[in-house]
Each structure stands twice: as C-alpha cells, then as structure tokens.
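Colleague: What follows is protein.txt; its format and atoms are compact mmCIF, C-alpha atoms.
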# COMPACT_ATOMS: atom_id res chain seq x y z
CA MET W 3 94.15 -107.75 48.14
CA GLY W 4 94.54 -109.86 45.05
CA LYS W 5 90.83 -110.66 44.98
CA LYS W 6 88.86 -109.83 41.86
CA ILE W 7 87.27 -106.48 42.48
CA LEU W 8 83.52 -106.34 42.82
CA TYR W 9 82.59 -102.75 42.11
CA LEU W 10 79.25 -101.65 43.58
CA ASP W 11 79.78 -97.90 43.79
CA HIS W 12 78.28 -96.78 40.49
CA ALA W 13 76.43 -93.91 42.17
CA ALA W 14 79.87 -92.38 42.84
CA THR W 15 81.27 -93.14 39.42
CA SER W 16 80.95 -95.97 36.93
CA TRP W 17 83.76 -98.50 36.77
CA PRO W 18 85.18 -100.23 34.87
CA LYS W 19 84.75 -98.04 31.83
CA PRO W 20 83.65 -99.76 28.63
CA PRO W 21 86.58 -100.56 26.32
CA GLU W 22 85.23 -98.27 23.62
CA VAL W 23 85.35 -95.32 26.05
CA ILE W 24 89.00 -96.00 26.89
CA ARG W 25 89.76 -96.40 23.18
CA ALA W 26 88.07 -93.10 22.33
CA VAL W 27 90.07 -91.20 24.95
CA THR W 28 93.42 -92.57 23.85
CA GLN W 29 92.54 -92.24 20.18
CA TYR W 30 91.65 -88.60 20.70
CA MET W 31 94.91 -87.91 22.51
CA ARG W 32 96.94 -89.71 19.86
CA GLU W 33 95.25 -88.54 16.70
CA ALA W 34 93.32 -85.34 17.37
CA GLY W 35 94.32 -83.29 20.39
CA GLY W 36 93.70 -79.80 19.00
CA ASN W 37 91.78 -77.12 20.85
CA PRO W 38 88.31 -76.87 19.29
CA GLY W 39 87.18 -73.47 18.10
CA ARG W 40 90.50 -71.81 18.77
CA SER W 41 92.61 -72.42 15.69
CA SER W 42 91.91 -73.20 12.04
CA HIS W 43 94.36 -76.04 11.54
CA ARG W 44 93.23 -79.61 10.94
CA LEU W 45 93.70 -80.84 14.50
CA SER W 46 91.58 -78.04 15.88
CA ALA W 47 88.96 -78.67 13.18
CA LEU W 48 88.92 -82.38 13.99
CA ALA W 49 88.48 -81.65 17.68
CA ALA W 50 85.67 -79.21 16.88
CA ASP W 51 83.91 -81.85 14.82
CA MET W 52 84.22 -84.39 17.64
CA LEU W 53 82.93 -81.80 20.09
CA TYR W 54 79.84 -81.12 18.02
CA THR W 55 79.26 -84.85 17.58
CA CYS W 56 79.14 -85.20 21.36
CA ARG W 57 76.60 -82.37 21.54
CA GLU W 58 74.50 -84.15 18.91
CA LEU W 59 74.61 -87.45 20.80
CA ALA W 60 73.60 -85.75 24.05
CA GLY W 61 70.87 -83.86 22.22
CA GLU W 62 69.54 -87.15 20.88
CA LEU W 63 69.62 -88.84 24.29
CA PHE W 64 68.00 -85.98 26.18
CA ASP W 65 65.73 -84.66 23.41
CA ALA W 66 67.38 -81.26 23.16
CA ALA W 67 69.00 -79.11 20.48
CA PRO W 68 72.76 -79.83 20.18
CA GLU W 69 73.62 -76.15 20.55
CA ARG W 70 71.90 -76.10 23.94
CA VAL W 71 74.25 -78.72 25.34
CA VAL W 72 76.84 -76.94 27.48
CA PHE W 73 79.88 -78.84 28.71
CA THR W 74 80.69 -78.49 32.38
CA ALA W 75 83.21 -80.00 34.78
CA GLY W 76 80.46 -82.26 36.14
CA ALA W 77 76.91 -82.25 37.51
CA THR W 78 77.86 -80.11 40.53
CA HIS W 79 79.42 -77.48 38.29
CA GLY W 80 76.34 -77.46 36.06
CA LEU W 81 73.99 -77.05 39.01
CA ASN W 82 76.10 -74.16 40.31
CA ILE W 83 75.86 -72.48 36.90
CA ALA W 84 72.08 -72.89 36.75
CA ILE W 85 71.46 -71.82 40.35
CA ASN W 86 73.74 -68.79 40.23
CA GLY W 87 72.95 -67.92 36.63
CA PHE W 88 69.16 -67.98 36.67
CA LEU W 89 68.35 -66.50 40.06
CA TYR W 90 67.97 -62.83 40.89
CA PRO W 91 67.82 -61.00 44.23
CA GLY W 92 64.47 -61.62 45.91
CA ASP W 93 63.76 -64.91 44.17
CA HIS W 94 62.47 -67.87 46.15
CA VAL W 95 63.67 -71.38 45.37
CA LEU W 96 62.21 -74.76 46.22
CA ILE W 97 64.54 -77.71 46.68
CA ASP W 98 63.40 -81.20 47.56
CA SER W 99 64.03 -83.26 50.66
CA MET W 100 66.28 -85.70 48.76
CA ALA W 101 68.61 -82.97 47.49
CA HIS W 102 72.36 -83.57 47.27
CA ASN W 103 74.78 -80.96 48.57
CA ALA W 104 75.41 -80.03 44.92
CA VAL W 105 71.98 -78.38 45.13
CA TYR W 106 71.68 -77.60 48.83
CA ARG W 107 75.00 -75.82 49.30
CA PRO W 108 74.83 -73.37 46.36
CA VAL W 109 71.24 -72.50 47.28
CA TYR W 110 72.09 -72.20 50.97
CA ARG W 111 75.04 -69.95 50.11
CA LEU W 112 72.89 -67.61 48.02
CA ALA W 113 70.31 -67.52 50.80
CA ALA W 114 72.95 -66.90 53.49
CA SER W 115 74.19 -63.95 51.42
CA GLY W 116 70.66 -62.57 51.42
CA VAL W 117 70.22 -62.92 47.66
CA VAL W 118 67.43 -65.49 47.59
CA SER W 119 65.22 -67.39 50.02
CA PHE W 120 64.47 -71.08 49.85
CA ASP W 121 62.35 -73.85 51.27
CA ILE W 122 62.73 -77.60 51.28
CA PHE W 123 59.65 -79.48 50.16
CA ASP W 124 59.00 -83.07 51.16
CA THR W 125 59.08 -85.44 48.21
CA GLY W 126 56.58 -87.75 49.93
CA GLU W 127 56.01 -91.31 48.78
CA THR W 128 53.63 -90.71 45.89
CA GLU W 129 53.18 -88.32 43.00
CA ALA W 130 50.13 -86.79 44.70
CA GLU W 131 52.12 -86.16 47.89
CA TYR W 132 54.99 -84.67 45.89
CA LEU W 133 52.71 -82.24 44.06
CA ALA W 134 50.75 -81.33 47.20
CA SER W 135 53.99 -80.54 48.99
CA LEU W 136 55.21 -78.43 46.06
CA GLU W 137 51.92 -76.55 45.93
CA ALA W 138 51.96 -75.89 49.66
CA SER W 139 55.51 -74.52 49.50
CA LEU W 140 54.85 -72.02 46.70
CA ARG W 141 55.19 -68.31 47.35
CA PRO W 142 54.42 -65.42 45.03
CA GLU W 143 58.16 -64.88 44.57
CA THR W 144 58.97 -68.54 43.87
CA ARG W 145 60.92 -68.68 40.62
CA MET W 146 62.67 -72.03 40.54
CA VAL W 147 62.13 -75.64 41.53
CA ILE W 148 65.15 -77.93 41.72
CA CYS W 149 64.27 -81.57 41.36
CA THR W 150 66.47 -84.48 42.39
CA HIS W 151 65.42 -86.88 39.67
CA ALA W 152 66.89 -89.98 41.32
CA SER W 153 68.21 -90.11 44.86
CA ASN W 154 71.88 -90.93 45.42
CA ILE W 155 71.18 -92.86 48.64
CA CYS W 156 68.14 -94.97 47.82
CA GLY W 157 65.86 -95.86 44.95
CA ARG W 158 63.52 -92.91 45.18
CA ILE W 159 62.62 -91.40 41.81
CA ALA W 160 60.87 -88.05 41.53
CA PRO W 161 57.72 -87.82 39.42
CA LEU W 162 59.47 -85.67 36.86
CA GLU W 163 56.68 -85.54 34.31
CA ALA W 164 54.25 -84.23 36.91
CA ALA W 165 56.84 -81.82 38.31
CA GLY W 166 57.47 -80.53 34.80
CA ARG W 167 53.78 -79.92 34.16
CA PHE W 168 53.46 -78.21 37.53
CA CYS W 169 56.36 -75.87 36.80
CA ARG W 170 55.09 -75.11 33.30
CA ASP W 171 51.60 -74.35 34.60
CA HIS W 172 52.96 -72.12 37.38
CA GLY W 173 55.56 -70.33 35.24
CA LEU W 174 58.49 -71.74 37.25
CA LEU W 175 61.95 -72.68 36.09
CA LEU W 176 62.61 -76.40 36.53
CA VAL W 177 66.23 -77.33 37.14
CA VAL W 178 66.86 -81.07 37.31
CA ASP W 179 69.71 -82.83 39.06
CA GLY W 180 70.14 -85.84 36.79
CA ALA W 181 73.34 -87.09 38.44
CA GLN W 182 71.93 -90.51 39.22
CA SER W 183 69.34 -90.87 36.49
CA ALA W 184 71.17 -89.89 33.30
CA GLY W 185 71.74 -93.05 31.31
CA HIS W 186 69.51 -95.14 33.59
CA ILE W 187 66.12 -93.47 33.20
CA PRO W 188 64.69 -91.90 30.03
CA LEU W 189 64.90 -88.11 30.27
CA SER W 190 63.42 -85.65 27.82
CA ILE W 191 64.12 -81.94 28.10
CA ARG W 192 61.10 -81.15 25.94
CA HIS W 193 58.61 -83.71 27.18
CA HIS W 194 59.41 -83.07 30.85
CA HIS W 195 59.38 -79.26 30.40
CA ILE W 196 62.88 -78.98 31.86
CA THR W 197 64.55 -75.58 31.91
CA ALA W 198 68.01 -76.98 32.61
CA LEU W 199 69.26 -80.50 33.25
CA SER W 200 72.64 -81.10 34.86
CA VAL W 201 74.29 -84.47 34.37
CA PRO W 202 77.72 -85.93 35.00
CA GLY W 203 79.56 -87.63 32.17
CA HIS W 204 81.20 -90.28 34.34
CA LYS W 205 78.28 -92.05 36.03
CA GLY W 206 75.45 -93.58 34.01
CA LEU W 207 76.80 -92.10 30.79
CA LEU W 208 80.00 -94.12 31.29
CA GLY W 209 82.46 -91.40 30.26
CA PRO W 210 85.65 -90.41 32.05
CA GLN W 211 85.63 -88.12 35.06
CA GLY W 212 86.17 -84.46 34.28
CA CYS W 213 83.20 -83.52 32.20
CA GLY W 214 79.45 -83.20 32.50
CA MET W 215 76.71 -81.34 30.72
CA LEU W 216 74.16 -78.66 31.46
CA ILE W 217 71.42 -79.00 28.88
CA PHE W 218 68.90 -76.24 28.31
CA GLY W 219 65.34 -76.34 27.15
CA ASP W 220 64.30 -74.37 24.09
CA ASP W 221 62.56 -71.72 26.21
CA ALA W 222 65.17 -71.37 28.96
CA PRO W 223 65.90 -67.73 29.81
CA VAL W 224 69.40 -66.31 29.67
CA CYS W 225 71.65 -67.92 32.27
CA MET W 226 74.49 -65.72 33.47
CA PRO W 227 77.90 -67.39 33.28
CA LEU W 228 79.64 -68.50 36.45
CA ALA W 229 83.03 -68.12 34.82
CA VAL W 230 84.04 -65.81 31.98
CA GLY W 231 87.07 -65.85 29.75
CA GLY W 232 88.20 -67.00 26.36
CA SER W 233 85.52 -68.47 24.12
CA GLY W 234 87.22 -68.68 20.73
CA SER W 235 84.85 -66.15 19.19
CA HIS W 236 83.69 -62.56 19.68
CA SER W 237 87.11 -61.92 21.15
CA LEU W 238 86.88 -58.14 20.83
CA ASP W 239 83.80 -58.03 23.07
CA PRO W 240 84.35 -57.58 26.79
CA GLU W 241 81.44 -59.91 27.55
CA MET W 242 80.96 -63.58 26.73
CA PRO W 243 79.15 -64.32 23.44
CA LEU W 244 75.42 -64.44 24.01
CA ASP W 245 74.75 -67.66 22.14
CA LEU W 246 74.76 -71.02 23.85
CA PRO W 247 76.83 -73.03 24.34
CA GLU W 248 79.84 -70.68 24.11
CA HIS W 249 78.08 -68.23 26.46
CA LEU W 250 78.75 -70.64 29.34
CA GLU W 251 81.92 -72.37 28.16
CA ALA W 252 84.83 -70.14 29.13
CA GLY W 253 88.26 -71.64 28.64
CA THR W 254 89.47 -74.86 27.11
CA LEU W 255 87.14 -77.84 27.26
CA PRO W 256 88.26 -81.27 28.55
CA MET W 257 88.36 -82.84 25.11
CA PRO W 258 89.79 -86.24 26.07
CA ALA W 259 86.91 -86.67 28.52
CA ILE W 260 84.42 -85.44 25.92
CA ALA W 261 85.75 -87.93 23.37
CA GLY W 262 85.23 -90.70 25.91
CA LEU W 263 81.79 -89.36 26.76
CA SER W 264 80.80 -89.59 23.10
CA ALA W 265 81.63 -93.29 23.19
CA GLY W 266 79.65 -93.67 26.43
CA LEU W 267 76.66 -91.83 24.97
CA THR W 268 76.76 -94.04 21.88
CA LEU W 269 76.65 -97.13 24.08
CA VAL W 270 73.80 -95.74 26.17
CA LEU W 271 71.81 -94.79 23.07
CA ARG W 272 72.33 -98.28 21.68
CA GLU W 273 71.31 -100.09 24.86
CA THR W 274 68.72 -97.43 25.84
CA PRO W 275 68.49 -95.94 29.35
CA GLU W 276 65.20 -97.76 29.94
CA LYS W 277 66.72 -101.18 29.35
CA ARG W 278 69.85 -100.44 31.36
CA GLY W 279 67.93 -98.92 34.27
CA THR W 280 65.49 -101.82 34.38
CA GLU W 281 68.36 -104.29 34.63
CA TYR W 282 70.13 -102.40 37.44
CA ASP W 283 66.84 -101.91 39.30
CA ARG W 284 66.27 -105.66 39.06
CA LEU W 285 69.65 -106.29 40.68
CA GLY W 286 68.84 -103.75 43.39
CA ARG W 287 65.48 -105.33 44.16
CA TYR W 288 67.01 -108.81 44.26
CA PHE W 289 69.67 -107.56 46.66
CA ALA W 290 67.15 -105.75 48.87
CA ASP W 291 64.83 -108.78 49.00
CA GLU W 292 67.69 -111.02 50.07
CA CYS W 293 68.88 -108.46 52.62
CA ARG W 294 65.54 -108.71 54.40
CA ARG W 295 66.48 -112.27 55.36
CA ILE W 296 69.75 -111.20 56.98
CA PRO W 297 69.33 -110.72 60.73
CA GLY W 298 70.42 -107.33 62.03
CA LEU W 299 70.53 -105.68 58.62
CA ARG W 300 68.32 -102.64 58.25
CA LEU W 301 67.39 -101.16 54.89
CA PHE W 302 66.65 -97.46 54.52
CA GLY W 303 64.41 -95.55 52.13
CA CYS W 304 62.96 -96.85 48.91
CA THR W 305 64.36 -100.25 47.96
CA SER W 306 63.04 -100.60 44.43
CA GLY W 307 65.94 -99.08 42.51
CA SER W 308 69.59 -99.65 41.72
CA VAL W 309 70.81 -97.72 44.79
CA ILE W 310 70.30 -99.38 48.18
CA SER W 311 71.24 -98.06 51.62
CA PHE W 312 71.61 -100.24 54.71
CA VAL W 313 73.17 -100.46 58.14
CA GLN W 314 74.27 -103.57 60.03
CA GLU W 315 73.13 -103.48 63.59
CA GLY W 316 75.95 -102.58 65.99
CA ILE W 317 78.46 -101.93 63.22
CA LEU W 318 79.36 -98.49 61.93
CA PRO W 319 78.80 -98.15 58.16
CA SER W 320 82.45 -97.20 57.72
CA ALA W 321 83.53 -100.43 59.44
CA THR W 322 81.25 -102.48 57.16
CA ALA W 323 82.65 -100.75 54.06
CA GLU W 324 86.21 -101.24 55.28
CA ALA W 325 85.63 -104.93 55.96
CA LEU W 326 84.05 -105.37 52.53
CA ASP W 327 87.04 -103.68 50.94
CA THR W 328 89.31 -106.33 52.44
CA LEU W 329 87.20 -108.83 50.49
CA GLY W 330 87.66 -106.87 47.28
CA ILE W 331 84.20 -105.30 47.37
CA CYS W 332 83.85 -101.55 46.74
CA VAL W 333 80.88 -99.78 48.31
CA ARG W 334 80.50 -96.37 49.90
CA SER W 335 79.70 -95.50 53.50
CA GLY W 336 78.75 -92.27 55.25
CA TYR W 337 76.38 -89.48 54.30
CA HIS W 338 77.05 -89.50 50.56
CA CYS W 339 76.95 -85.67 50.50
CA ALA W 340 73.20 -85.74 51.03
CA PRO W 341 72.32 -84.74 54.62
CA LEU W 342 68.78 -83.70 53.66
CA ALA W 343 68.12 -87.09 52.14
CA HIS W 344 69.41 -88.93 55.22
CA ARG W 345 67.10 -86.85 57.39
CA THR W 346 64.24 -87.80 55.07
CA ILE W 347 64.86 -91.54 55.22
CA GLY W 348 65.81 -91.57 58.91
CA SER W 349 69.49 -92.47 58.63
CA GLN W 350 70.87 -89.15 59.83
CA ASP W 351 72.45 -90.60 62.99
CA THR W 352 74.97 -92.88 61.31
CA GLY W 353 74.68 -92.50 57.58
CA THR W 354 74.53 -95.74 55.64
CA VAL W 355 76.41 -98.27 53.60
CA ARG W 356 75.43 -97.61 50.00
CA VAL W 357 75.40 -100.24 47.30
CA SER W 358 74.83 -99.05 43.76
CA PHE W 359 74.57 -101.25 40.69
CA GLY W 360 75.55 -100.30 37.17
CA TYR W 361 77.46 -101.16 34.03
CA GLY W 362 78.86 -104.68 34.11
CA ASN W 363 77.07 -105.90 37.25
CA THR W 364 75.18 -109.19 37.15
CA ALA W 365 73.13 -111.35 39.51
CA LYS W 366 76.33 -113.25 40.33
CA ASP W 367 77.70 -110.04 41.85
CA VAL W 368 74.67 -109.83 44.12
CA VAL W 369 75.25 -113.40 45.25
CA ARG W 370 78.93 -112.73 45.99
CA PHE W 371 78.05 -109.60 47.90
CA LEU W 372 75.40 -111.36 49.97
CA GLU W 373 77.87 -114.13 50.80
CA ALA W 374 80.38 -111.50 51.90
CA LEU W 375 77.79 -109.82 54.11
CA ASP W 376 76.91 -113.16 55.62
CA SER W 377 80.53 -113.98 56.36
CA LEU W 378 81.02 -110.59 57.99
CA ARG W 379 77.92 -111.13 60.09
CA ARG W 380 79.25 -114.47 61.31
CA ILE W 381 82.63 -112.92 62.16
CA THR W 382 81.14 -109.98 64.01
CA GLY W 383 78.01 -111.77 65.17
CA MET V 25 86.83 -69.67 -5.90
CA ASP V 26 85.04 -69.89 -2.57
CA CYS V 27 82.74 -67.79 -0.46
CA ILE V 28 82.60 -67.77 3.32
CA ILE V 29 79.31 -67.54 5.21
CA ALA V 30 79.97 -66.09 8.66
CA MET V 31 78.23 -68.05 11.43
CA ARG V 32 77.28 -66.95 14.95
CA SER V 33 79.74 -69.33 16.59
CA GLN V 34 81.83 -72.38 16.04
CA THR V 35 78.90 -74.51 17.23
CA TYR V 36 76.53 -72.94 14.72
CA ALA V 37 79.15 -73.38 12.04
CA ALA V 38 79.22 -77.09 12.89
CA LYS V 39 75.43 -77.24 12.86
CA GLY V 40 75.32 -75.47 9.51
CA GLY V 41 78.01 -77.78 8.19
CA ARG V 42 75.92 -80.83 9.06
CA LEU V 43 72.98 -79.36 7.14
CA LEU V 44 75.11 -78.63 4.09
CA GLN V 45 76.56 -82.12 4.23
CA LYS V 46 73.05 -83.59 4.17
CA ALA V 47 72.24 -81.37 1.19
CA GLY V 48 75.37 -82.57 -0.62
CA ILE V 49 77.09 -79.19 -0.54
CA PRO V 50 80.85 -79.37 0.13
CA TYR V 51 82.02 -77.13 2.94
CA LYS V 52 84.84 -76.46 5.33
CA ILE V 53 84.62 -74.73 8.69
CA VAL V 54 87.16 -71.93 8.75
CA GLY V 55 88.23 -69.18 11.08
CA ILE V 56 87.44 -65.73 9.70
CA ASP V 57 90.15 -63.14 9.89
CA PRO V 58 89.25 -60.81 12.75
CA SER V 59 89.84 -57.79 10.51
CA LEU V 60 86.77 -58.84 8.52
CA THR V 61 84.39 -59.01 11.48
CA ARG V 62 83.05 -56.56 14.00
CA HIS V 63 83.55 -58.79 17.03
CA GLY V 64 86.96 -60.36 16.53
CA CYS V 65 87.53 -64.07 16.03
CA ALA V 66 84.69 -65.80 14.25
CA HIS V 67 83.90 -68.95 12.32
CA GLY V 68 82.36 -69.48 8.96
CA LEU V 69 81.46 -72.02 6.31
CA GLN V 70 83.69 -71.99 3.26
CA ILE V 71 81.77 -73.11 0.20
CA PRO V 72 82.44 -73.16 -3.56
CA VAL V 73 81.15 -69.83 -4.75
CA LEU V 74 78.82 -71.38 -7.31
CA ARG V 75 76.96 -73.17 -4.53
CA CYS V 76 76.87 -70.26 -2.09
CA GLY V 77 73.30 -69.28 -2.93
CA GLU V 78 72.14 -72.86 -2.54
CA ALA V 79 73.89 -73.10 0.83
CA ARG V 80 72.16 -69.96 2.06
CA VAL V 81 68.82 -71.41 1.08
CA VAL V 82 69.57 -74.56 3.10
CA LEU V 83 70.56 -72.54 6.18
CA GLU V 84 67.52 -70.30 5.90
CA LYS V 85 65.21 -73.26 5.44
CA HIS V 86 66.41 -74.55 8.81
CA HIS V 87 66.18 -71.09 10.43
CA LEU V 88 69.90 -71.02 11.04
CA ALA V 89 70.96 -67.40 11.25
CA TYR V 90 74.18 -66.34 9.60
CA GLY V 91 76.11 -63.12 9.20
CA ASP V 92 78.04 -61.60 6.35
CA VAL V 93 78.81 -63.54 3.21
CA LEU V 94 82.39 -62.89 2.25
CA GLY V 95 83.78 -63.25 -1.24
CA GLY V 96 80.98 -63.93 -3.58
CA GLY V 97 77.52 -64.40 -2.12
Would you put the structure from the file into structure tokens?
Modeller:
Amino acid sequence: MGKKILYLDHAATSWPKPPEVIRAVTQYMREAGGNPGRSSHRLSALAADMLYTCRELAGELFDAAPERVVFTAGATHGLNIAINGFLYPGDHVLIDSMAHNAVYRPVYRLAASGVVSFDIFDTGETEAEYLASLEASLRPETRMVICTHASNICGRIAPLEAAGRFCRDHGLLLVVDGAQSAGHIPLSIRHHHITALSVPGHKGLLGPQGCGMLIFGDDAPVCMPLAVGGSGSHSLDPEMPLDLPEHLEAGTLPMPAIAGLSAGLTLVLRETPEKRGTEYDRLGRYFADECRRIPGLRLFGCTSGSVISFVQEGILPSATAEALDTLGICVRSGYHCAPLAHRTIGSQDTGTVRVSFGYGNTAKDVVRFLEALDSLRRITG
Amino acid sequence: MDCIIAMRSQTYAAKGGRLLQKAGIPYKIVGIDPSLTRHGCAHGLQIPVLRCGEARVVLEKHHLAYGDVLGGG
C-alpha cells in the first residue's frame, strides 16, 4: 500500500477518469439534476437538453442518427435488449468463438428455453477464415450474427467491415459487441452495416459506470423492449411508444453518468478513436515484445493490441495478480467472463493474467510493470 | 402569442429544436397538456405564432414528422 497505483485494467473499466468527466458529473448534480422528459420546469428542460447533446455526440462518433441512440445500463444490458428484442421463435443465431458471456449467456438462455438455436463460428486468424467460417455456419433460418468487435482477453479484432458486408448481402441482422472497441477503434453504424451496436460508457468512452448505449442502424427492424414502464410520453397507451429511443428507455435514465459520458465522448471525438487506439496498441505490442524475453512467461492469443493475456509458468494467474497488487499494480486474472474465448486461445485450463492499456498509460508504465514482473520472477523463481 | 407544434417525443422535440435554432427561429420545448393529445403526456415546440409557418417548413424540409399545431398554425 502507499505505492502510486499503476492501473492496467482498462478492459474492465477505465481509470482514472479524465477531470472533465468528473467535473461534468458533479456539475450536473449541482446545477441540473431534473428528470429529462418528465416535467416542464427548467431543471427538467436542462437535463433533457444535456441528454440530447449526449445522443448527438454518440451519433457523431458512431455515425448514427441521434434519435437512434438508446441509453442502457451498460454493454451487457444493451446486448440483452438486442438479443431478446430482435429474435423470434425458430430463429438461428451465430455467435463467434471470442464471445463474452454478455453474448453467450443470453443466447444460450434463449436456446435452452427452446426459442432459438445457435452455433459458434470460429473467428480464425484472417478475414478469409472468418468469412469462410461464417458461411459454413449459415442455415436457412439464420437471422442474426453477433460479432465481438475486439476481444476482452487478447488483441484479436474482428473484420467488421467484411462481416457487415456479409450480413448485408445475406439479409442478416448484425449485432456488434463494441465493449472493448468503442473509443479505441473507429466504428461506423452506416459504413459497417451494423443493425445494433452495444457499447459501455465507462471503458474506452471514459464515462462513469452505470450507463451504456445501444445504437441502431437506420434500417434496423423493431426491437421489442426488455423492460417496459414510464417513458414520459404517450402515457395513456398501455404499450411503450413506438419511436426510438423512448421505445427502449423505460424508467428514469442515469443522468449523472450520461453527463459524464458526454464529457468522455467529447474527449474521444477530439483525440479520435484511431489515434487513441494506435497509442494503446503500441504500448501493448511493446509489452508483449518485452514479455517474450522473460523466461517462463507464456503469452496467449493475438499480441498486437492493447489487451494482452499471459501466464507465468508454475504460478496461478490469481497469485500473479495478487502479488502485483501488493506492488500497487492493478491487473485482472481469471476467465474474464469469456470462456469461449479462452477455449479459442488455449487458456481454458487456468485462465490468464490480463493486462489492458488505456487512458493515461505511457511507455513508463510498461517499464514499471516489466520490472515488477521481473522482481516477482526472481522471488518465486 | 405562441403556437405549439406537437412532436412525436421529447427526443424529436429536441431534434426539431436544434433545427429551429440553426434557422434562427426562437423556440422552447414544452410539455403539452394531456387533455390536448390523444396519447397523454407529450412534448412540443413553442414558437412565436408569426414564425410558426416558417418553423413547419424547416421541420418538413428535414423530414421531421410532427403532430397537431396548437394555437395558431
């Protein structure tokens, strides 16, 4: 304790938050604080204006119409809405071999209830392998493909543009899990032919925990709500209003988190996802290259991105993470809620230690982390 | 005197408001009394009545659907 914290767990959540995000949250709570769309007084109107501004910023970042930006509790919530809201009995779904439990579990649950069937397609190593695997997994009743844009355990990135074209050409819905890519990799709803993109607000978009977004393409079909309730309009109707975003936004929205997310989105738009992602990937590659020199350290999966998984020979990942924590270094160990992905990269027996770079990290952090790993190796060695 | 253009939702009212702002038309987003609508609570754009026609043109130009025009349109 007492050591300066080195935070390398950005795939779980970004930390520290940029000062402007913290300012926006507190400013909202001090000066606005009304419930948007519910009342007509000035505080409600101010909140409503801030809410729409956030939709506009997200629309700009992800190339979508602001009114098709639906606020959710997070990426998992958004994926649950899309999976449960788009699929009908008899539909077949394809999920990829890097899928997080936020995709696997809701699909598995629908399949276990006999509503849909699903298959897991291998992402392969190349775009050609990815597409061949998709093609081979198609059935006449296939209706949806769910794409893990960026893995949460290694640097693997799906060929989204090709997947989008494939889905468009085959008349399939494309749902994208953008939990790890939003804010780090350019994403365009229109260009990538995405039906629905689910993103968290608190990872690469640098907002507070508690809100995410499900963003719909212009041609997305009607998505049935997962939750129904008050919407601030059409209150005499027993059903939710049909128009997005209110159709899927029952109840009060987490406005303090949304205010912070607006500040995060502004920062991301200014710095651009491409530039930010390139920098974090560079740190990841540097780290992975140096790791190859450390005896007994095994890397797993693709090592070209900002998320790196490894195991130290003879040491459980949890023990490595615990030892690093005593040195003030925050990483994650275990299965990272992605059993399919661990099976794919061959780390299913133990899980891994995961290092993920993001906002605020520099090459100096990599050096400090490598020194810590080296000292642990000498202690345990 | 003002008119109120009923919008499909609070979000569409905000979208319409942005368009009016760009066109230099003053507006305020207001709740519409439920007794004046068929569906209960609703939102609208309150505009000086003399500019109501102009506002409708702006909304229509951007294919933004709206409902009843209350009080002047």
Colleague: Would you pick out the contacts of stretch 20-30 of chain W at 6 Å or less, using only C-alpha atoms, so that residues sharing its chain but fewer than 2 positions from it are not included, and give the list as a CSV table (one decimal) with C-alpha atoms, in the frame of the given file?
Modeller:
chain,number,residue,atom,x,y,z
W,32,ARG,CA,96.9,-89.7,19.9
W,33,GLU,CA,95.2,-88.5,16.7
W,34,ALA,CA,93.3,-85.3,17.4
W,35,GLY,CA,94.3,-83.3,20.4
W,258,PRO,CA,89.8,-86.2,26.1
W,261,ALA,CA,85.8,-87.9,23.4
W,262,GLY,CA,85.2,-90.7,25.9
W,265,ALA,CA,81.6,-93.3,23.2
W,266,GLY,CA,79.6,-93.7,26.4
Colleague: List every residue of chain W that has an atom at most 7 Å from any atom of chain V, giving for each one its closest atom pair and the distance in Å to one decimal, counting only C-alpha atoms, sorted by chain and then by ascending residue number, as a Markdown table.
Modeller:
| residue | atom | partner | partner_atom | distance |
| --- | --- | --- | --- | --- |
| W:Gly39 | CA | V:Gln34 | CA | 5.8 |
| W:Ser42 | CA | V:Gly55 | CA | 5.5 |
| W:Asp51 | CA | V:Ala38 | CA | 7.0 |
| W:Tyr54 | CA | V:Ala38 | CA | 6.6 |
| W:Glu69 | CA | V:Thr35 | CA | 6.4 |
| W:Gly234 | CA | V:Cys65 | CA | 6.6 |
| W:Ser235 | CA | V:Cys65 | CA | 4.6 |
| W:His236 | CA | V:His63 | CA | 4.6 |
| W:Ser237 | CA | V:Gly64 | CA | 4.9 |
| W:Leu238 | CA | V:Gly64 | CA | 4.8 |
| W:Asp239 | CA | V:His63 | CA | 6.1 |
Colleague: Identify, on the basis of only C-alpha atoms, every residue whose closest approach to V:Leu43 does not exceed 9 Å; exclude the query and any residue fewer than 6 positions from it along the same chain; express the result as a VMD selection string.
Modeller: chain V and resid 49 79 82 to 83 86
Colleague: Work out how far atom CA of W:Cys332 is from atom CA of W:Asp11, in Å to one decimal.
Modeller: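 Going from atom CA of W:Asp11 over to atom CA of W:Cys332, I get 6.2 Å.
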Colleague: With all atoms listed in the file as the counted atoms, please give the residues lying no more than 7 Å from stretch 187-202 of chain W, apart from itself and same-chain residues fewer than 3 positions off, as number ranges by chain.
Modeller: W: 64-66, 76-77, 80-81, 162-163, 166-167, 170, 175-181, 183-184, 205, 213-219, 222, 275-276, 279
Colleague: Using only C-alpha atoms, find the one residue out of V:Met25, V:Tyr51, V:His87, V:Gln45 that sits nearest to V:Gly68.
Modeller: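 Among the listed residues, V:Tyr51 lies closest to V:Gly68.
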Colleague: Work out how far atom CA of V:Gly91 is from atom CA of V:Leu74, in Å to one decimal.
Modeller: 18.7 Å
Colleague: Distance atom CA of V:Cys27-atom CA of V:Arg75, one decimal place?
Modeller: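 So the two atoms, atom CA of V:Cys27 and atom CA of V:Arg75, lie 8.9 Å apart.
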Colleague: Give me, as an MDAnalysis selection string, all polymer residues having an atom no more than 10 Å from W:Leu96, counting only C-alpha atoms and skipping those fewer than 5 positions away in the same chain.
Modeller: chainID W and resid 109 119:123 136 139:141 144:149 176
Colleague: So that I can check the surroundings of stretch 344-350 of chain W, please list as a PyMOL selection string every protein, DNA and RNA residue that reaches within 9 Å of it, counting only C-alpha atoms and ignoring chain neighbours fewer than 6 positions away.
Modeller: chain W and resi 99-100+124-125+155-156+302-304+312-313+337-338
Colleague: For stretch 59-73 of chain V of the block above, can you save C-alpha atoms as a compact mmCIF listing (two decimals), in the first residue's frame?
Modeller:
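Once written, part37.txt looks like this:
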# COMPACT_ATOMS: atom_id res chain seq x y z
CA SER V 59 -56.08 16.88 -22.35
CA LEU V 60 -54.97 18.25 -25.72
CA THR V 61 -53.48 15.00 -27.02
CA ARG V 62 -54.79 11.56 -27.80
CA HIS V 63 -51.99 9.66 -26.09
CA GLY V 64 -51.41 11.50 -22.83
CA CYS V 65 -48.19 13.32 -21.97
CA ALA V 66 -46.43 14.76 -24.98
CA HIS V 67 -43.83 17.34 -25.91
CA GLY V 68 -43.91 20.17 -28.35
CA LEU V 69 -42.06 23.18 -29.69
CA GLN V 70 -43.41 26.51 -28.54
CA ILE V 71 -42.77 29.17 -31.17
CA PRO V 72 -43.89 32.78 -31.71
CA VAL V 73 -47.05 32.45 -33.73
